[in-house]
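K.L.:
Have a look at the structure that comes next, please.
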Amino acid sequence: MASDNAPILQLQDDRPAPPVWRRRRVALGVLILCLIESVVHVRSFRIQRPATNLDPPFHVGCQTPILNTTERANAAMVMLARNTDVDGAIDSIRSVQNQFNQHFGYPWVFLNDKDWSPEFVSRVGKVVKETGGGEAVFEKIPTYMWGYPPWIDQDRARKEMESMQNRRIAYAGKESYHHMCRFNSGFFFDHPALLKYKWYWRVEPDIEITCALTYDPFVEMERNDKRYGYTVALWELGKTVPTLFHKLSDWKNKRKMPSTSLWTAMMAPAWLPWPFRKILRLLRNRDGNGDMWNMCHFWSNFEIADMTFFRSQEYREFFQFLDEDGGFYYERWGDAPVHSLAAGLLLRPDQVHHFSDLGYVHKPFQYCTFAPHEDAFKRGELVPDFDANDVREATEKEIGCNCFCDPNIDQVAPECFNRIKSTVM
């Protein structure tokens with residue numbers, strides 16, 4: 001018989017607690033592992049610059065314009081405008097004609113969602129003729145390409161537009177602007193007046209070309225296997241497109257599409273370690289892993305591009321996904337970020353061309369055509385960072401021909417240029 005004094009059950013663990021130093025060492029080890037994981041993750045977004053320049057200018061400096069008599073691209077100058085834009089349209093046309101098209105004579109196509117006024121047709125047609133351009137045609141956008149698609153909840157769309165307007169989101173709240181962004185993102189390339197062309201140069205009212213272009217950019221784009229050309233890369237306003245990047249990233253992942261270096265160049269990695277960084281996916285402009293779109297995009301008020309890219313099955317599926325989502329109306333998705341992300345997703349970096357030799361003004365910004373110094377180039381500073389006020393003292397080499405950099409207009413910041421161009425030079 002057991003003794004009455006024998007313990008029946010040991011309820012208390014008499015082992016000593018781990019020393020404080022041991023608990024701290026474990027915590028420190030976890031912290032170090034998290035830090036290492038974060039560093040490795042961030043480094044995975046570094047762009048490996050190529051050994052040679054994959055996107056040099058088509059020509060540096062001036063030459064006698066190569067008259068477009070023997071080799072001509074299937075191309076047109078295209079402007080989307082309203083009747084009230086007539087003065088700004090004429091200024092842009094004169095600039096493009098004087099700097100380029102008077103020597104090459106490409107036709108002009110003008111698009112409007114309304115009937116053209118006799119004044120616009122008369123004045124603009126006269127300027128095109130007087131400045132040596134090709135024929136000018138004035139076309140209306142079909143109603144099936146402009147307006148709300150049937151799946152959009154128009155009451156919700158108008159409420160969202162009103163909310164965006166109250167938050168002072170630029171251009172939001174104007175239905176015509178949302179219709180235009182949707183049109184430019186997808187239907188533009190299938191307009192009946194453009195179907196016979198392969199290439200287009202998009203010109204907007206109130207822009208200025210500040211260098212002479214003495215070669216044919218369409219022919220050079222085709223010869224060098226370029227599909228999309230731009231002059232300006234800069235930051236988009238994040239509040240205009242809060243869910244665009246997240247939705248596109250999810251779409252990309254579901255289709256198991258690889259990330260190009262250009263897509264990666266448009267991203268900024270999150271520093272939080274796994275799995276905590278996934279929390280960041282709840283913030284705007286993040287993907288499902290919590291990494292962020294850095295908001296860099298190409299300014300689409302200047303584009304020289306191959307329309308067969310935008311007519312491809314890949315781009316049509318891309319646009320259809322965005323169109324059916326409704327973000328052109330429930331948010332303020334512009335054609336500039338849409339085209340930019342499409343290029344990053346669907347093109348090789350070397351198929352995107354920066355017209356580094358073509359000065360450009362669309363107020364309040366301008367791009368000036370200077371090459372970086374050699375030491376800056378090695379550091380990855382691929383577009384010089386200087387205030388336009390200091391242009392008279394600039395020592396960088398001029399790339400373009402007979403260029404003028406206006407000291408009274410802000411120069412576009414170089415950060416997006418440097419990130420994007422690092423994929424090709």
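For the structure tokens, the naming scheme is as follows: chains receive sequential letters (A, B, ...) according to their order of presentation, residues are indexed from 1 within each chain, and ligands are indexed from 1 in presentation order.
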Can you list every residue in region 259-303 of chain A that DSSP puts in helix (DSSP H, G or I), as a PyMOL selection string?
P.N.:
chain A and resi 261-265+276-282
K.L.:
Print the selection's residues with C-alpha atoms to a file, as a PDB file, in the first residue's frame.
P.N.:
ATOM      1  CA  SER A 261      13.425  43.756 -66.336  1.00  0.00           C
ATOM      2  CA  LEU A 262      11.285  46.684 -67.522  1.00  0.00           C
ATOM      3  CA  TRP A 263       8.395  45.516 -65.323  1.00  0.00           C
ATOM      4  CA  THR A 264      10.825  45.182 -62.413  1.00  0.00           C
ATOM      5  CA  ALA A 265      12.180  48.667 -63.144  1.00  0.00           C
ATOM      6  CA  PHE A 276       4.806  40.662 -42.717  1.00  0.00           C
ATOM      7  CA  ARG A 277       5.200  42.506 -46.008  1.00  0.00           C
ATOM      8  CA  LYS A 278       2.088  40.809 -47.353  1.00  0.00           C
ATOM      9  CA  ILE A 279       0.168  43.132 -45.026  1.00  0.00           C
ATOM     10  CA  LEU A 280       1.231  45.984 -47.307  1.00  0.00           C
ATOM     11  CA  ARG A 281      -0.847  44.555 -50.155  1.00  0.00           C
ATOM     12  CA  LEU A 282      -3.822  46.318 -48.572  1.00  0.00           C
TER      13      LEU A 282
END
K.L.:
So which one's closest to Cys62 (chain A), A:Asp155, A:Asp357, A:Asp190, A:Glu317? Using only C-alpha atoms, please.
P.N.:
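Going through A:Asp155, A:Asp357, A:Asp190, A:Glu317 one by one, the smallest distance to Cys62 (chain A) is for A:Asp357.
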K.L.:
Considering only C-alpha atoms, can you say which of A:Gly359, A:Pro349, A:Pro364, A:Pro217 comes closest to Glu71 (chain A)?
P.N.:
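For Glu71 (chain A), the nearest of the given residues is A:Pro217.
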K.L.:
Excluding same-chain residues fewer than 6 positions from Phe298 (chain A), what lies within 6 Å of it counting only C-alpha atoms, as a list in words?
P.N.:
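Contacts, in chain order: Val232, Ala233 and Ser340 of chain A.
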K.L.:
Which of these, A:Arg94, A:Gly400, A:His297, A:Val338, has the shortest distance to Tyr315 (chain A) once you count only C-alpha atoms?
P.N.:
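Of A:Arg94, A:Gly400, A:His297, A:Val338, the one nearest Tyr315 (chain A), counting only C-alpha atoms, is A:Val338.
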K.L.:
Please identify all polymer residues within 9 Å of Phe319 (chain A), counting only C-alpha atoms, omitting same-chain residues fewer than 5 positions from it, and present them as number ranges by chain.
P.N.:
A: 185-186, 314, 324, 338, 342
K.L.:
Would you export the selected residues with N, CA, C and O atoms as a compact mmCIF listing (two decimals), in the first residue's frame, please?
P.N.:
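The new file selection.txt reads:
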# COMPACT_ATOMS: atom_id res chain seq x y z
N SER A 185 -6.89 53.94 -74.57
CA SER A 185 -6.25 52.73 -74.07
C SER A 185 -6.51 51.52 -74.96
O SER A 185 -5.72 50.57 -74.96
N GLY A 186 -7.63 51.54 -75.70
CA GLY A 186 -7.96 50.34 -76.45
C GLY A 186 -8.51 50.57 -77.84
O GLY A 186 -7.98 50.06 -78.83
N GLU A 314 -2.34 39.58 -77.34
CA GLU A 314 -1.89 39.78 -75.95
C GLU A 314 -2.39 41.11 -75.40
O GLU A 314 -2.89 41.18 -74.28
N GLU A 324 -13.27 45.47 -68.55
CA GLU A 324 -14.36 44.80 -67.84
C GLU A 324 -14.31 45.07 -66.34
O GLU A 324 -15.33 44.99 -65.66
N VAL A 338 -1.65 52.86 -68.43
CA VAL A 338 -2.08 51.61 -69.06
C VAL A 338 -1.08 51.21 -70.15
O VAL A 338 -0.61 50.06 -70.20
N ALA A 342 1.56 48.03 -69.90
CA ALA A 342 1.49 47.04 -70.98
C ALA A 342 2.86 46.84 -71.62
O ALA A 342 3.27 45.71 -71.90
K.L.:
I want to know what sits within 12 Å of Tyr228 (chain A), based on only C-alpha atoms, with residues of the same chain fewer than 3 positions away left out; could you give that as a PyMOL selection string?
P.N.:
chain A and resi 55+199-202+217-218+220-222+224-225+231+298-300+302-310+339-340+342-344+346-355
K.L.:
Restricting the output to C-alpha atoms, write the selected residues as a PDB file, in the first residue's frame.
P.N.:
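Written file, selection-v4.pdb:
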ATOM      1  CA  ASP A  55      18.905  51.839 -77.025  1.00  0.00           C
ATOM      2  CA  TRP A 199       2.725  53.393 -87.135  1.00  0.00           C
ATOM      3  CA  TYR A 200       1.475  56.547 -85.453  1.00  0.00           C
ATOM      4  CA  TRP A 201       2.935  59.634 -83.852  1.00  0.00           C
ATOM      5  CA  ARG A 202       0.524  60.936 -81.272  1.00  0.00           C
ATOM      6  CA  PRO A 217      11.610  57.975 -86.704  1.00  0.00           C
ATOM      7  CA  PHE A 218       9.089  55.516 -88.139  1.00  0.00           C
ATOM      8  CA  GLU A 220      14.263  53.801 -87.715  1.00  0.00           C
ATOM      9  CA  MET A 221      11.825  52.256 -85.232  1.00  0.00           C
ATOM     10  CA  GLU A 222      10.984  49.535 -87.733  1.00  0.00           C
ATOM     11  CA  ASN A 224      15.698  48.575 -85.099  1.00  0.00           C
ATOM     12  CA  ASP A 225      12.783  46.396 -83.919  1.00  0.00           C
ATOM     13  CA  THR A 231      10.268  61.276 -74.682  1.00  0.00           C
ATOM     14  CA  PHE A 298       5.666  57.114 -69.982  1.00  0.00           C
ATOM     15  CA  TRP A 299       3.883  60.348 -70.763  1.00  0.00           C
ATOM     16  CA  SER A 300       1.504  59.357 -73.549  1.00  0.00           C
ATOM     17  CA  PHE A 302       3.926  61.942 -77.033  1.00  0.00           C
ATOM     18  CA  GLU A 303       4.037  58.439 -78.455  1.00  0.00           C
ATOM     19  CA  ILE A 304       5.569  56.978 -81.579  1.00  0.00           C
ATOM     20  CA  ALA A 305       4.475  53.378 -81.657  1.00  0.00           C
ATOM     21  CA  ASP A 306       3.687  50.291 -83.665  1.00  0.00           C
ATOM     22  CA  MET A 307      -0.079  49.840 -83.681  1.00  0.00           C
ATOM     23  CA  THR A 308       0.277  46.131 -84.427  1.00  0.00           C
ATOM     24  CA  PHE A 309       1.481  45.809 -80.830  1.00  0.00           C
ATOM     25  CA  PHE A 310      -1.733  47.375 -79.539  1.00  0.00           C
ATOM     26  CA  HIS A 339       0.245  51.833 -72.078  1.00  0.00           C
ATOM     27  CA  SER A 340       3.304  51.947 -69.806  1.00  0.00           C
ATOM     28  CA  ALA A 342       1.486  47.045 -70.983  1.00  0.00           C
ATOM     29  CA  ALA A 343       4.928  47.819 -72.412  1.00  0.00           C
ATOM     30  CA  GLY A 344       6.556  46.663 -69.187  1.00  0.00           C
ATOM     31  CA  LEU A 346       4.490  42.534 -72.929  1.00  0.00           C
ATOM     32  CA  LEU A 347       7.612  44.010 -74.563  1.00  0.00           C
ATOM     33  CA  ARG A 348      11.314  43.399 -74.207  1.00  0.00           C
ATOM     34  CA  PRO A 349      13.115  46.422 -72.735  1.00  0.00           C
ATOM     35  CA  ASP A 350      15.103  46.877 -75.946  1.00  0.00           C
ATOM     36  CA  GLN A 351      11.842  47.192 -77.903  1.00  0.00           C
ATOM     37  CA  VAL A 352      11.072  50.447 -76.059  1.00  0.00           C
ATOM     38  CA  HIS A 353      12.905  53.500 -77.394  1.00  0.00           C
ATOM     39  CA  HIS A 354      13.661  56.744 -75.622  1.00  0.00           C
ATOM     40  CA  PHE A 355      13.899  59.651 -78.067  1.00  0.00           C
TER      41      PHE A 355
END
K.L.:
Interatomic distance between CA of Asn101 (chain A) and CA of Leu234 (chain A)?
P.N.:
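Separation of CA of Asn101 (chain A) and CA of Leu234 (chain A): 27.0 Å.
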K.L.:
Which residues come within 12 Å of Asn112 (chain A), counting only C-alpha atoms, excluding same-chain residues fewer than 4 positions away, as a ChimeraX atom specification?
P.N.:
/A:78-86,116-117,120-121,137-143,145-146,176,179-180,183-184,188,191,193
